[in-house]
$ cat run38.cif   # mmCIF, C-alpha atoms
data_structure
#
loop_
_atom_site.label_atom_id
_atom_site.label_comp_id
_atom_site.auth_asym_id
_atom_site.auth_seq_id
_atom_site.Cartn_x
_atom_site.Cartn_y
_atom_site.Cartn_z
CA MET N 673 158.31 184.37 126.16
CA ASP N 674 159.56 187.96 126.58
CA ILE N 675 158.66 187.95 130.29
CA ASN N 676 160.40 184.60 130.85
CA ASP N 677 163.46 185.81 128.95
CA ARG N 678 163.63 188.91 131.10
CA LYS N 679 163.33 186.81 134.27
CA GLN N 680 166.09 184.45 133.13
CA LYS N 681 168.35 187.37 132.22
CA SER N 682 167.63 189.01 135.58
CA ILE N 683 168.47 185.80 137.44
CA LEU N 684 171.66 185.36 135.40
CA ALA N 685 172.75 188.96 136.06
CA GLY N 686 172.10 188.55 139.77
CA THR N 687 174.14 185.35 139.85
CA VAL N 688 177.05 187.04 138.07
CA LEU N 689 176.95 190.01 140.47
CA LEU N 690 176.87 187.71 143.51
CA ALA N 691 179.79 185.65 142.20
CA SER N 692 181.77 188.82 141.50
CA ALA N 693 181.07 190.18 144.98
CA LEU N 694 182.16 186.94 146.62
CA THR N 695 185.35 186.87 144.54
CA ILE N 696 186.24 190.44 145.50
CA PHE N 697 185.50 189.71 149.15
CA GLY N 698 187.74 186.64 149.02
CA ILE N 699 190.62 188.60 147.49
CA VAL N 700 190.32 191.35 150.10
CA MET N 701 190.31 188.83 152.94
CA LEU N 702 193.35 187.05 151.55
CA ARG N 703 195.25 190.35 151.42
CA GLN N 704 194.62 191.26 155.05
CA PRO N 705 197.65 191.26 157.36
CA THR N 706 197.84 188.46 159.90
CA LEU N 707 198.36 189.13 163.58
CA TYR N 708 201.11 187.56 165.68
CA ASN N 709 198.92 184.64 166.67
CA SER N 710 197.75 183.87 163.19
CA PRO N 711 196.71 180.20 163.41
CA GLY N 712 199.69 177.97 163.06
CA LEU N 713 202.16 180.64 161.97
CA SER N 714 205.73 179.97 162.99
CA THR N 715 209.11 179.39 161.44
CA SER N 716 211.92 176.95 161.65
CA GLY N 717 215.36 178.09 162.76
CA ASN N 718 216.19 179.25 159.24
CA GLY N 719 213.05 181.36 158.94
CA GLU N 720 210.99 179.00 156.79
CA HIS N 721 207.30 178.84 157.63
CA LYS N 722 205.96 175.78 159.39
CA SER N 723 202.84 174.87 161.30
CA ASN N 724 202.76 175.67 165.00
CA SER N 725 199.63 176.39 167.02
CA SER N 726 201.48 177.39 170.21
CA LEU N 727 201.46 181.15 169.61
CA PRO N 728 199.18 182.99 172.06
CA THR N 729 196.21 185.04 170.92
CA LEU N 730 195.88 188.76 171.61
CA SER N 731 192.60 189.45 173.38
CA ARG N 732 190.28 192.25 172.24
CA GLN N 733 191.32 194.22 175.32
CA GLU N 734 195.02 193.84 174.48
CA ASN N 735 194.41 194.86 170.87
CA GLY N 736 192.57 197.92 172.15
CA LEU N 737 195.67 199.15 173.94
CA PHE N 738 197.47 199.37 170.61
CA GLN N 739 194.56 201.17 168.97
CA GLN N 740 194.61 204.27 171.15
CA HIS N 741 197.18 206.92 172.03
CA GLU N 742 198.14 206.96 175.70
CA ALA N 743 199.71 209.86 177.55
CA GLY N 744 203.31 209.16 178.48
CA VAL N 745 203.54 206.09 176.22
CA THR N 746 205.19 206.17 172.80
CA HIS N 747 203.84 203.53 170.42
CA VAL N 748 206.58 202.69 167.92
CA LEU N 749 206.11 200.69 164.74
CA VAL N 750 209.31 198.73 164.05
CA THR N 751 209.36 197.43 160.49
CA GLY N 752 211.65 194.44 160.09
CA GLY N 753 211.59 194.00 163.86
CA ALA N 754 212.08 190.23 163.64
CA GLY N 755 215.47 190.75 161.99
CA TYR N 756 218.92 191.05 163.52
CA ILE N 757 219.06 194.81 164.06
CA GLY N 758 215.30 195.32 164.32
CA SER N 759 214.90 192.79 167.14
CA HIS N 760 217.67 194.47 169.13
CA ALA N 761 215.90 197.80 168.61
CA ALA N 762 212.58 196.32 169.78
CA LEU N 763 214.30 194.95 172.89
CA ARG N 764 215.70 198.37 173.78
CA LEU N 765 212.39 200.13 173.10
CA LEU N 766 210.58 197.70 175.38
CA LYS N 767 213.22 198.09 178.08
CA ASP N 768 212.69 201.85 177.82
CA SER N 769 208.93 201.35 178.42
CA HIS N 770 207.74 202.05 174.89
CA ARG N 771 204.84 200.22 173.25
CA VAL N 772 206.05 198.23 170.25
CA THR N 773 204.42 196.82 167.14
CA ILE N 774 206.65 194.70 164.93
CA VAL N 775 205.73 194.23 161.27
CA ASP N 776 207.75 191.63 159.38
CA ASN N 777 207.13 189.17 156.55
CA LEU N 778 209.78 186.80 157.99
CA SER N 779 211.59 186.53 154.66
CA ARG N 780 214.77 187.50 156.49
CA GLY N 781 213.61 187.80 160.09
CA ASN N 782 213.04 185.12 162.73
CA ILE N 783 209.82 184.51 164.63
CA GLY N 784 212.07 183.05 167.34
CA ALA N 785 213.40 186.52 168.10
CA VAL N 786 209.82 187.77 168.53
CA LYS N 787 209.06 184.88 170.89
CA VAL N 788 212.06 185.85 173.02
CA LEU N 789 210.76 189.40 173.27
CA GLU N 790 207.23 188.24 174.04
CA LYS N 791 208.49 186.12 176.94
CA LEU N 792 210.52 189.03 178.30
CA PHE N 793 207.62 191.49 178.04
CA PRO N 794 204.35 189.54 178.41
CA GLU N 795 202.31 192.40 179.89
CA PRO N 796 199.24 193.55 177.91
CA GLY N 797 199.85 196.45 175.58
CA ARG N 798 203.63 196.08 175.41
CA LEU N 799 204.34 194.12 172.21
CA GLN N 800 202.44 192.84 169.21
CA PHE N 801 203.67 191.17 166.05
CA ILE N 802 201.94 191.57 162.70
CA TYR N 803 202.87 189.26 159.85
CA ALA N 804 202.62 191.41 156.72
CA ASP N 805 204.55 192.49 153.65
CA LEU N 806 205.31 196.19 153.20
CA GLY N 807 204.97 195.67 149.47
CA ASP N 808 201.20 195.30 149.97
CA PRO N 809 199.79 198.85 150.29
CA ARG N 810 196.34 197.63 151.40
CA ALA N 811 197.81 195.58 154.22
CA VAL N 812 200.05 198.44 155.32
CA ASN N 813 197.18 200.92 155.26
CA LYS N 814 195.04 198.55 157.34
CA ILE N 815 197.83 198.22 159.92
CA PHE N 816 198.05 202.01 160.26
CA ALA N 817 194.25 202.35 160.37
CA GLU N 818 193.95 199.84 163.22
CA ASN N 819 196.87 201.07 165.36
CA ALA N 820 197.69 204.41 166.99
CA PHE N 821 201.35 204.82 166.12
CA ASP N 822 203.41 207.73 167.44
CA ALA N 823 206.58 206.93 165.48
CA VAL N 824 208.03 204.55 162.90
CA ILE N 825 211.52 203.05 162.86
CA HIS N 826 211.89 201.65 159.36
CA PHE N 827 214.45 198.82 159.28
CA ALA N 828 212.77 196.36 156.92
CA ALA N 829 214.98 195.78 153.88
CA VAL N 830 217.06 193.24 152.04
CA ALA N 831 220.62 194.28 152.78
CA TYR N 832 223.38 192.36 151.01
CA VAL N 833 225.66 194.18 148.57
CA GLY N 834 226.59 191.08 146.61
CA GLU N 835 223.00 189.87 146.33
CA SER N 836 221.91 193.31 145.13
CA THR N 837 224.20 193.05 142.10
CA LEU N 838 222.65 189.68 141.22
CA ASP N 839 219.01 190.68 141.77
CA PRO N 840 218.80 194.49 141.52
CA LEU N 841 215.07 194.76 140.82
CA ARG N 842 214.29 192.99 144.07
CA TYR N 843 216.31 195.62 145.92
CA TYR N 844 214.56 198.56 144.26
CA HIS N 845 211.16 197.02 145.03
CA ASN N 846 211.99 196.00 148.58
CA ILE N 847 213.84 199.13 149.66
CA THR N 848 212.69 202.06 147.53
CA SER N 849 209.10 201.10 146.71
CA ASN N 850 208.34 199.78 150.19
CA THR N 851 209.65 202.96 151.80
CA LEU N 852 207.22 204.90 149.62
CA VAL N 853 204.37 202.68 150.83
CA VAL N 854 205.31 203.34 154.46
CA LEU N 855 205.55 207.10 153.87
CA GLU N 856 202.14 207.20 152.19
CA ALA N 857 200.58 205.32 155.10
CA MET N 858 202.22 207.66 157.62
CA ALA N 859 200.92 210.68 155.74
CA SER N 860 197.40 209.25 155.46
CA HIS N 861 197.16 208.45 159.16
CA GLY N 862 198.99 211.42 160.68
CA VAL N 863 202.09 209.66 161.99
CA LYS N 864 204.68 212.41 162.24
CA LYS N 865 207.96 210.83 163.31
CA LEU N 866 210.25 208.61 161.21
CA ILE N 867 213.66 207.13 161.96
CA TYR N 868 215.03 205.71 158.71
CA SER N 869 217.65 202.98 158.58
CA SER N 870 220.06 203.87 155.79
CA THR N 871 223.62 202.88 155.00
CA CYS N 872 227.12 204.07 154.25
CA ALA N 873 226.70 202.26 150.91
CA THR N 874 224.95 205.42 149.66
CA TYR N 875 228.37 207.10 149.58
CA GLY N 876 229.88 204.57 147.19
CA GLU N 877 233.66 204.82 147.13
CA PRO N 878 234.57 208.32 148.30
CA LYS N 879 237.92 209.78 147.33
CA LYS N 880 238.47 211.23 150.77
CA MET N 881 238.30 209.66 154.23
CA PRO N 882 236.74 209.84 156.73
CA ILE N 883 233.19 210.07 155.43
CA THR N 884 231.13 213.01 156.69
CA GLU N 885 227.45 213.70 156.11
CA GLU N 886 228.53 216.17 153.41
CA THR N 887 230.46 213.54 151.45
CA PRO N 888 228.84 213.20 148.00
CA GLN N 889 226.48 210.24 147.73
CA LEU N 890 227.58 208.27 144.67
CA PRO N 891 226.53 204.65 145.31
CA ILE N 892 228.09 201.96 143.15
CA ASN N 893 225.78 199.00 143.80
CA PRO N 894 221.98 198.51 143.70
CA TYR N 895 221.75 198.24 147.50
CA GLY N 896 223.30 201.67 147.99
CA LYS N 897 221.38 203.14 145.05
CA ALA N 898 218.03 201.85 146.37
CA LYS N 899 218.72 203.34 149.80
CA LYS N 900 219.79 206.64 148.25
CA MET N 901 216.54 206.75 146.24
CA ALA N 902 214.54 206.10 149.42
CA GLU N 903 216.40 208.93 151.17
CA ASP N 904 215.58 211.25 148.25
CA ILE N 905 211.89 210.36 148.47
CA ILE N 906 211.89 211.09 152.21
CA GLN N 907 213.68 214.41 151.68
CA ASP N 908 211.29 215.51 148.92
CA PHE N 909 208.18 214.54 150.86
CA SER N 910 209.40 216.26 154.02
CA LYS N 911 209.71 219.63 152.25
CA LYS N 912 205.92 219.87 152.21
CA SER N 913 205.14 218.20 155.52
CA ASP N 914 205.69 218.77 159.24
CA MET N 915 207.19 215.32 159.73
CA ALA N 916 210.16 214.84 162.08
CA VAL N 917 212.72 212.65 160.34
CA VAL N 918 216.15 211.29 161.23
CA ILE N 919 218.13 209.31 158.67
CA LEU N 920 220.90 207.15 160.11
CA ARG N 921 223.59 205.98 157.71
CA TYR N 922 225.42 203.25 159.46
CA PHE N 923 228.45 201.23 158.75
CA ASN N 924 229.27 197.51 159.26
CA VAL N 925 227.22 196.08 162.11
CA ILE N 926 228.60 193.41 164.45
CA GLY N 927 227.92 192.08 167.95
CA SER N 928 224.79 191.06 169.81
CA ASP N 929 222.91 191.53 173.08
CA PRO N 930 225.45 191.28 175.97
CA GLU N 931 222.93 189.31 178.04
CA GLY N 932 222.67 186.64 175.36
CA ARG N 933 218.97 187.01 174.61
CA LEU N 934 219.26 187.88 170.92
CA GLY N 935 221.74 187.29 168.11
CA GLU N 936 222.11 187.09 164.36
CA ALA N 937 220.61 184.07 162.58
CA PRO N 938 220.58 184.52 158.78
CA ARG N 939 218.90 182.03 156.49
CA PRO N 940 221.39 179.31 155.45
CA GLU N 941 221.06 180.04 151.74
CA LEU N 942 222.09 183.67 152.36
CA ARG N 943 225.26 182.95 154.28
CA GLU N 944 227.51 183.60 151.30
CA HIS N 945 226.10 187.13 151.02
CA GLY N 946 226.13 187.84 154.75
CA ARG N 947 228.33 189.76 157.15
CA ILE N 948 231.95 188.78 157.61
CA SER N 949 231.29 188.07 161.29
CA GLY N 950 228.73 185.42 160.34
CA ALA N 951 231.20 183.81 157.94
CA CYS N 952 233.90 183.80 160.62
CA PHE N 953 231.55 182.13 163.09
CA ASP N 954 230.45 179.56 160.53
CA ALA N 955 234.08 178.69 159.89
CA ALA N 956 234.82 178.49 163.62
CA SER N 957 231.77 176.25 164.10
CA GLY N 958 232.72 173.92 161.26
CA ILE N 959 229.57 174.79 159.30
CA ILE N 960 231.90 175.78 156.47
CA THR N 961 235.44 174.51 155.96
CA GLY N 962 237.07 177.92 156.06
CA LEU N 963 236.68 181.63 155.52
CA LYS N 964 236.74 183.12 152.03
CA VAL N 965 238.22 186.61 151.86
CA ARG N 966 237.33 188.35 148.64
CA GLY N 967 239.90 190.82 147.38
CA THR N 968 243.56 191.23 148.40
CA ASP N 969 244.58 193.82 145.82
CA TYR N 970 242.80 196.89 147.14
CA ASN N 971 244.76 200.08 147.68
CA THR N 972 245.01 199.57 151.44
CA PRO N 973 247.97 198.75 153.73
CA ASP N 974 247.38 194.98 153.66
CA GLY N 975 245.42 194.78 150.39
CA THR N 976 242.07 193.88 151.98
CA CYS N 977 239.02 196.12 152.42
CA ILE N 978 238.87 198.52 155.35
CA ARG N 979 235.57 198.94 157.15
CA ASP N 980 234.16 200.75 160.17
CA TYR N 981 232.62 198.08 162.46
CA ILE N 982 229.83 199.37 164.69
CA ASP N 983 228.44 197.27 167.54
CA VAL N 984 224.69 196.67 167.29
CA ASN N 985 224.19 197.95 170.85
CA ASP N 986 225.79 201.28 169.96
CA LEU N 987 223.72 201.41 166.79
CA ILE N 988 220.49 200.91 168.71
CA ASP N 989 221.50 203.58 171.21
CA ALA N 990 221.86 205.98 168.26
CA HIS N 991 218.30 205.11 167.20
CA MET N 992 216.99 205.85 170.69
CA LYS N 993 218.72 209.24 170.70
CA ALA N 994 217.34 209.95 167.23
CA LEU N 995 213.83 209.04 168.37
CA ALA N 996 214.09 211.36 171.36
CA ASN N 997 215.54 214.28 169.41
CA ALA N 998 213.69 214.23 166.07
CA GLU N 999 212.20 217.69 165.41
CA SER N 1000 209.11 218.64 163.43
CA GLN N 1001 209.65 219.94 159.89
CA GLN N 1002 213.26 218.81 159.91
CA VAL N 1003 215.22 216.00 158.27
CA LYS N 1004 218.44 215.29 160.13
CA THR N 1005 221.07 212.92 158.77
CA TYR N 1006 223.83 211.25 160.75
CA ASN N 1007 226.63 208.80 160.16
CA VAL N 1008 226.76 206.08 162.81
CA GLY N 1009 230.22 204.55 163.13
CA THR N 1010 233.26 204.44 165.36
CA GLY N 1011 235.40 206.66 163.18
CA ARG N 1012 238.09 203.99 162.98
CA GLY N 1013 238.62 201.50 160.17
CA LYS N 1014 239.82 197.91 160.42
CA SER N 1015 240.98 195.76 157.52
CA VAL N 1016 239.42 192.41 156.74
CA LYS N 1017 242.67 190.70 157.72
CA GLU N 1018 242.63 192.49 161.07
CA PHE N 1019 239.01 191.44 161.52
CA VAL N 1020 239.83 187.79 160.80
CA GLU N 1021 242.66 187.80 163.34
CA ALA N 1022 240.33 189.31 165.96
CA CYS N 1023 237.75 186.63 165.17
CA LYS N 1024 240.33 183.88 165.62
CA ILE N 1025 241.15 185.22 169.07
CA ALA N 1026 237.48 185.74 170.04
CA THR N 1027 236.50 182.19 169.03
CA GLY N 1028 239.73 180.44 170.00
CA VAL N 1029 239.72 178.71 166.60
CA ASN N 1030 242.53 178.92 164.04
CA ILE N 1031 240.20 179.57 161.13
CA LYS N 1032 241.38 178.51 157.69
CA VAL N 1033 241.38 181.44 155.26
CA GLU N 1034 241.12 181.29 151.47
CA TYR N 1035 241.79 184.43 149.43
CA LEU N 1036 239.66 184.98 146.32
CA ASP N 1037 238.94 187.65 143.71
CA ARG N 1038 237.02 190.77 144.62
CA ARG N 1039 233.25 190.67 145.20
CA PRO N 1040 231.25 192.70 142.66
CA GLY N 1041 230.22 196.13 143.93
CA ASP N 1042 232.63 196.28 146.87
CA TYR N 1043 234.80 199.30 147.65
CA ALA N 1044 238.27 199.55 149.16
CA GLU N 1045 237.99 201.77 152.21
CA VAL N 1046 235.05 203.11 154.20
CA TYR N 1047 235.04 204.62 157.67
CA SER N 1048 233.05 207.41 159.25
CA ASP N 1049 233.48 210.75 160.86
CA PRO N 1050 230.90 210.60 163.70
CA SER N 1051 231.49 214.19 164.84
CA LYS N 1052 228.02 215.44 163.89
CA ILE N 1053 226.06 212.82 165.83
CA ARG N 1054 228.37 213.28 168.80
CA GLN N 1055 227.84 217.03 168.84
CA GLU N 1056 224.09 217.09 168.12
CA LEU N 1057 222.79 213.93 169.79
CA ASN N 1058 225.52 213.39 172.40
CA TRP N 1059 226.16 209.92 170.98
CA THR N 1060 229.51 208.15 170.97
CA ALA N 1061 230.26 204.48 170.31
CA GLN N 1062 230.95 202.64 173.58
CA TYR N 1063 231.49 199.07 172.36
CA THR N 1064 234.70 199.73 170.43
CA ASP N 1065 236.72 196.64 171.36
CA LEU N 1066 236.41 194.51 168.21
CA ARG N 1067 237.47 191.30 169.94
CA GLU N 1068 234.99 191.81 172.78
CA SER N 1069 232.08 192.48 170.41
CA LEU N 1070 232.98 189.33 168.49
CA ARG N 1071 233.36 187.33 171.72
CA ILE N 1072 229.84 188.33 172.87
CA ALA N 1073 228.37 187.47 169.48
CA TRP N 1074 230.27 184.16 169.42
CA THR N 1075 228.87 183.24 172.84
CA TRP N 1076 225.34 183.51 171.45
CA GLN N 1077 226.28 181.63 168.28
CA LYS N 1078 227.78 178.73 170.23
CA SER N 1079 224.61 178.27 172.27
CA HIS N 1080 222.33 178.75 169.25
CA ARG N 1081 223.88 176.57 166.58
CA ASN N 1082 220.47 176.29 164.93
CA GLY N 1083 219.70 179.98 165.28
CA TYR N 1084 216.34 180.43 167.00
CA GLY N 1085 215.34 176.88 166.15
CA PRO N 1086 215.50 173.80 168.38
CA PRO N 1087 218.97 173.16 169.85
CA ILE N 1088 221.26 170.83 167.91
CA ASP N 1089 222.96 168.04 169.84
CA ALA N 1090 226.68 168.82 169.73
CA HIS N 1091 227.40 165.10 169.71
#
$ encode --input "run38.cif" --output "structure tokens"
Amino acid sequence: MDINDRKQKSILAGTVLLASALTIFGIVMLRQPTLYNSPGLSTSGNGEHKSNSSLPTLSRQENGLFQQHEAGVTHVLVTGGAGYIGSHAALRLLKDSHRVTIVDNLSRGNIGAVKVLEKLFPEPGRLQFIYADLGDPRAVNKIFAENAFDAVIHFAAVAYVGESTLDPLRYYHNITSNTLVVLEAMASHGVKKLIYSSTCATYGEPKKMPITEETPQLPINPYGKAKKMAEDIIQDFSKKSDMAVVILRYFNVIGSDPEGRLGEAPRPELREHGRISGACFDAASGIITGLKVRGTDYNTPDGTCIRDYIDVNDLIDAHMKALANAESQQVKTYNVGTGRGKSVKEFVEACKIATGVNIKVEYLDRRPGDYAEVYSDPSKIRQELNWTAQYTDLRESLRIAWTWQKSHRNGYGPPIDAH
């Protein structure tokens, strides 16, 4: 009986160990990042996942090109590269002959933008897309382990001031915690160059204009606070490392690719939190009945907020100059703006002219967390990186963006019949 009991116990223990091993294996496999051609991964025009088996598969040879450093080729990881700004950055990097890996969880980005880039640059070893969440340290570490990155441009972030006041914890997780995950992976795998996408929201509501890099950072909303925390983490880590870092604090982004290949296509449910340009275009398109301007009692000449509107093409040019000029053991910080402020009322009038539509405007109470006046002093970036905004005609930037919007009424999704 004792022998049989021992046999039964041994069999039972073995069964439990096998089941445990299989469970752990299953969890690990589920947590692995999915490559661009993950079976059936695609999105609708609004970014929601749907089945689509048309995405091509990277061959082993193509994957190998991303796994090794190559003389004369800079392999750049672009986090959030399926988003509005990130996709424009990926386009420019590819045009400049860099190798690009985009990592995006498509919660705010569009797989359609990645498809556009893939069609423009189909050559092996130019572009790969990895579907992964930066909030998953194992997935991020695996991505770094399997790719030979030379630099990281970290765009990925939720980025709406109003939404941040409604869901602050999401912003601290998505911005601050995820930046820490990226930094840890860079440190573990010897990636020495970081261009960090920050924001003028870290300054809060300064008492003096224009804003310089020395203006105290006193953010007044969770979005700005989360970005400021991420900046602090980067600064602290860099004191004990030889990393080359450039932090770009940019202002209100508008515009799109002048050749009409890319544009901005936010998820429909986020429109109310989005950029004023998107709201203007929605009103001009008839998607919404009119434009809602929040706040007419600010201490400004016409009572509406004043902002510094920077064209996305100028913004991306600043990133390219930062990438080329980042220096080891240094953290450089630059404001990226035009240095000139425009009021919301002025912006709306420019949008009416750019679209040719007499947009109906409704004036409402202030939006929580907003500030009256923000515009930059771009002297430092001009002097140190030889960068100056070129696309400074507000109407022209809006006209170019409107051209893309008119021909992409469903974003990157299937065209909508105008009739």
$ resolve_selection --input "run38.cif" --expression "the PyMOL selection byres ((chain N and resi 844) around 12)" --output "list in words"
Gly807, Ala829, Val830, Ala831, Ser836, Thr837, Asp839, Pro840, Leu841, Arg842, Tyr843, His845, Asn846, Ile847, Thr848, Ser849, Asn850, Thr851, Leu852, Asn893, Pro894, Tyr895, Gly896, Lys897, Ala898, Lys899, Lys900, Met901 and Ala902 of chain N
$ write_last_selection --input "run38.cif" --atoms "C-alpha atoms" --output "mmCIF file, in the frame of the given file"
data_model
loop_
_atom_site.group_PDB
_atom_site.id
_atom_site.type_symbol
_atom_site.label_atom_id
_atom_site.label_comp_id
_atom_site.auth_asym_id
_atom_site.auth_seq_id
_atom_site.Cartn_x
_atom_site.Cartn_y
_atom_site.Cartn_z
ATOM 1 C CA GLY N 807 204.970 195.670 149.470
ATOM 2 C CA ALA N 829 214.980 195.780 153.880
ATOM 3 C CA VAL N 830 217.060 193.240 152.040
ATOM 4 C CA ALA N 831 220.620 194.280 152.780
ATOM 5 C CA SER N 836 221.910 193.310 145.130
ATOM 6 C CA THR N 837 224.200 193.050 142.100
ATOM 7 C CA ASP N 839 219.010 190.680 141.770
ATOM 8 C CA PRO N 840 218.800 194.490 141.520
ATOM 9 C CA LEU N 841 215.070 194.760 140.820
ATOM 10 C CA ARG N 842 214.290 192.990 144.070
ATOM 11 C CA TYR N 843 216.310 195.620 145.920
ATOM 12 C CA HIS N 845 211.160 197.020 145.030
ATOM 13 C CA ASN N 846 211.990 196.000 148.580
ATOM 14 C CA ILE N 847 213.840 199.130 149.660
ATOM 15 C CA THR N 848 212.690 202.060 147.530
ATOM 16 C CA SER N 849 209.100 201.100 146.710
ATOM 17 C CA ASN N 850 208.340 199.780 150.190
ATOM 18 C CA THR N 851 209.650 202.960 151.800
ATOM 19 C CA LEU N 852 207.220 204.900 149.620
ATOM 20 C CA ASN N 893 225.780 199.000 143.800
ATOM 21 C CA PRO N 894 221.980 198.510 143.700
ATOM 22 C CA TYR N 895 221.750 198.240 147.500
ATOM 23 C CA GLY N 896 223.300 201.670 147.990
ATOM 24 C CA LYS N 897 221.380 203.140 145.050
ATOM 25 C CA ALA N 898 218.030 201.850 146.370
ATOM 26 C CA LYS N 899 218.720 203.340 149.800
ATOM 27 C CA LYS N 900 219.790 206.640 148.250
ATOM 28 C CA MET N 901 216.540 206.750 146.240
ATOM 29 C CA ALA N 902 214.540 206.100 149.420
#
$ atom_distance --input "run38.cif" --atom1 "atom CA of Ile926 of chain N" --atom2 "atom CA of Asp822 of chain N"
29.1 Å
$ resolve_selection --input "run38.cif" --expression "the PyMOL selection byres ((chain N and resi 936) around 8)" --output "list in words"
Gly755, Tyr756, Ser928, Leu934, Gly935, Ala937, Pro938, Gly950, Gln1077 and Gly1083 of chain N
$ atom_distance --input "run38.cif" --atom1 "atom CA of Val1046 of chain N" --atom2 "atom CA of Asp980 of chain N"
6.5 Å
$ atom_distance --input "run38.cif" --atom1 "atom CA of Arg939 of chain N" --atom2 "atom CA of Asp1065 of chain N"
27.4 Å
$ axis_aligned_box --input "run38.cif" --around "segment 923-929 of chain N" --padding-each-side "5 Å" --output "JSON"
{"center_x": 226.1, "center_y": 196.1, "center_z": 165.9, "size_x": 16.4, "size_y": 20.2, "size_z": 24.3}
$ closest_residue --input "run38.cif" --among "N:Tyr1084, N:Asn777, N:Phe1019, N:Val750" --to "Leu799 of chain N" --atoms "all atoms listed in the file"
N:Val750
$ closest_residue --input "run38.cif" --among "N:Asp954, N:Glu885, N:Glu903, N:Glu1018" --to "Pro1050 of chain N" --atoms "all atoms listed in the file"
N:Glu885
$ closest_residue --input "run38.cif" --among "N:Val918, N:Ala1044, N:Val788, N:Val853" --to "Ser759 of chain N" --atoms "only C-alpha atoms"
N:Val788
$ closest_residue --input "run38.cif" --among "N:Leu789, N:Gly797, N:Gly927, N:Cys1023" --to "Glu742 of chain N" --atoms "only C-alpha atoms"
N:Gly797
$ closest_residue --input "run38.cif" --among "N:Ile906, N:Ala820, N:Ala990, N:Leu1036" --to "Arg966 of chain N" --atoms "all atoms listed in the file"
N:Leu1036
$ resolve_selection --input "run38.cif" --expression "the PyMOL selection byres ((chain N and resi 1054) around 12)" --output "list in words"
Ala990, Lys993, Ala994, Tyr1006, Asn1007, Val1008, Gly1009, Thr1010, Gly1011, Asp1049, Pro1050, Ser1051, Lys1052, Ile1053, Gln1055, Glu1056, Leu1057, Asn1058, Trp1059, Thr1060, Ala1061 and Gln1062 of chain N
$ closest_residue --input "run38.cif" --among "N:Val925, N:Ala859, N:Ile960, N:Val1020" --to "Thr976 of chain N" --atoms "all atoms listed in the file"
N:Val1020
$ residues_around --input "run38.cif" --residues "Met915 of chain N" --least-positions-apart "5" --cutoff "6 Å" --atoms "only C-alpha atoms" --output "NGL selection string"
:N and (864-865 or 1000-1001)
$ residues_near_point --input "run38.cif" --point "(212.7, 189.0, 169.9)" --cutoff "8 Å" --atoms "only C-alpha atoms" --output "VMD selection string"
chain N and resid 753 to 754 759 to 760 762 to 763 783 to 790 934
$ decode --input "run38.cif" --residues "segment 784-792 of chain N" --atoms "N, CA, C and O atoms" --output "PDB file, in the first residue's frame"
ATOM      1  N   GLY N 784      -3.964  52.148 -41.010  1.00  0.00           N
ATOM      2  CA  GLY N 784      -3.999  52.683 -42.375  1.00  0.00           C
ATOM      3  C   GLY N 784      -2.805  53.562 -42.677  1.00  0.00           C
ATOM      4  O   GLY N 784      -2.278  53.555 -43.796  1.00  0.00           O
ATOM      5  N   ALA N 785      -2.343  54.322 -41.693  1.00  0.00           N
ATOM      6  CA  ALA N 785      -1.154  55.152 -41.889  1.00  0.00           C
ATOM      7  C   ALA N 785       0.072  54.274 -42.123  1.00  0.00           C
ATOM      8  O   ALA N 785       0.927  54.583 -42.956  1.00  0.00           O
ATOM      9  N   VAL N 786       0.171  53.170 -41.396  1.00  0.00           N
ATOM     10  CA  VAL N 786       1.290  52.240 -41.572  1.00  0.00           C
ATOM     11  C   VAL N 786       1.244  51.624 -42.970  1.00  0.00           C
ATOM     12  O   VAL N 786       2.274  51.465 -43.625  1.00  0.00           O
ATOM     13  N   LYS N 787       0.053  51.277 -43.426  1.00  0.00           N
ATOM     14  CA  LYS N 787      -0.085  50.708 -44.773  1.00  0.00           C
ATOM     15  C   LYS N 787       0.382  51.687 -45.846  1.00  0.00           C
ATOM     16  O   LYS N 787       1.015  51.294 -46.829  1.00  0.00           O
ATOM     17  N   VAL N 788       0.067  52.974 -45.656  1.00  0.00           N
ATOM     18  CA  VAL N 788       0.535  53.990 -46.598  1.00  0.00           C
ATOM     19  C   VAL N 788       2.058  53.991 -46.651  1.00  0.00           C
ATOM     20  O   VAL N 788       2.664  53.998 -47.731  1.00  0.00           O
ATOM     21  N   LEU N 789       2.674  53.970 -45.490  1.00  0.00           N
ATOM     22  CA  LEU N 789       4.134  53.983 -45.433  1.00  0.00           C
ATOM     23  C   LEU N 789       4.735  52.722 -46.038  1.00  0.00           C
ATOM     24  O   LEU N 789       5.753  52.774 -46.736  1.00  0.00           O
ATOM     25  N   GLU N 790       4.105  51.588 -45.791  1.00  0.00           N
ATOM     26  CA  GLU N 790       4.609  50.323 -46.324  1.00  0.00           C
ATOM     27  C   GLU N 790       4.558  50.315 -47.851  1.00  0.00           C
ATOM     28  O   GLU N 790       5.470  49.797 -48.510  1.00  0.00           O
ATOM     29  N   LYS N 791       3.522  50.909 -48.425  1.00  0.00           N
ATOM     30  CA  LYS N 791       3.422  50.981 -49.888  1.00  0.00           C
ATOM     31  C   LYS N 791       4.464  51.924 -50.472  1.00  0.00           C
ATOM     32  O   LYS N 791       4.989  51.693 -51.569  1.00  0.00           O
ATOM     33  N   LEU N 792       4.767  52.996 -49.732  1.00  0.00           N
ATOM     34  CA  LEU N 792       5.760  53.955 -50.214  1.00  0.00           C
ATOM     35  C   LEU N 792       7.177  53.418 -50.124  1.00  0.00           C
ATOM     36  O   LEU N 792       8.049  53.770 -50.929  1.00  0.00           O
TER      37      LEU N 792
END
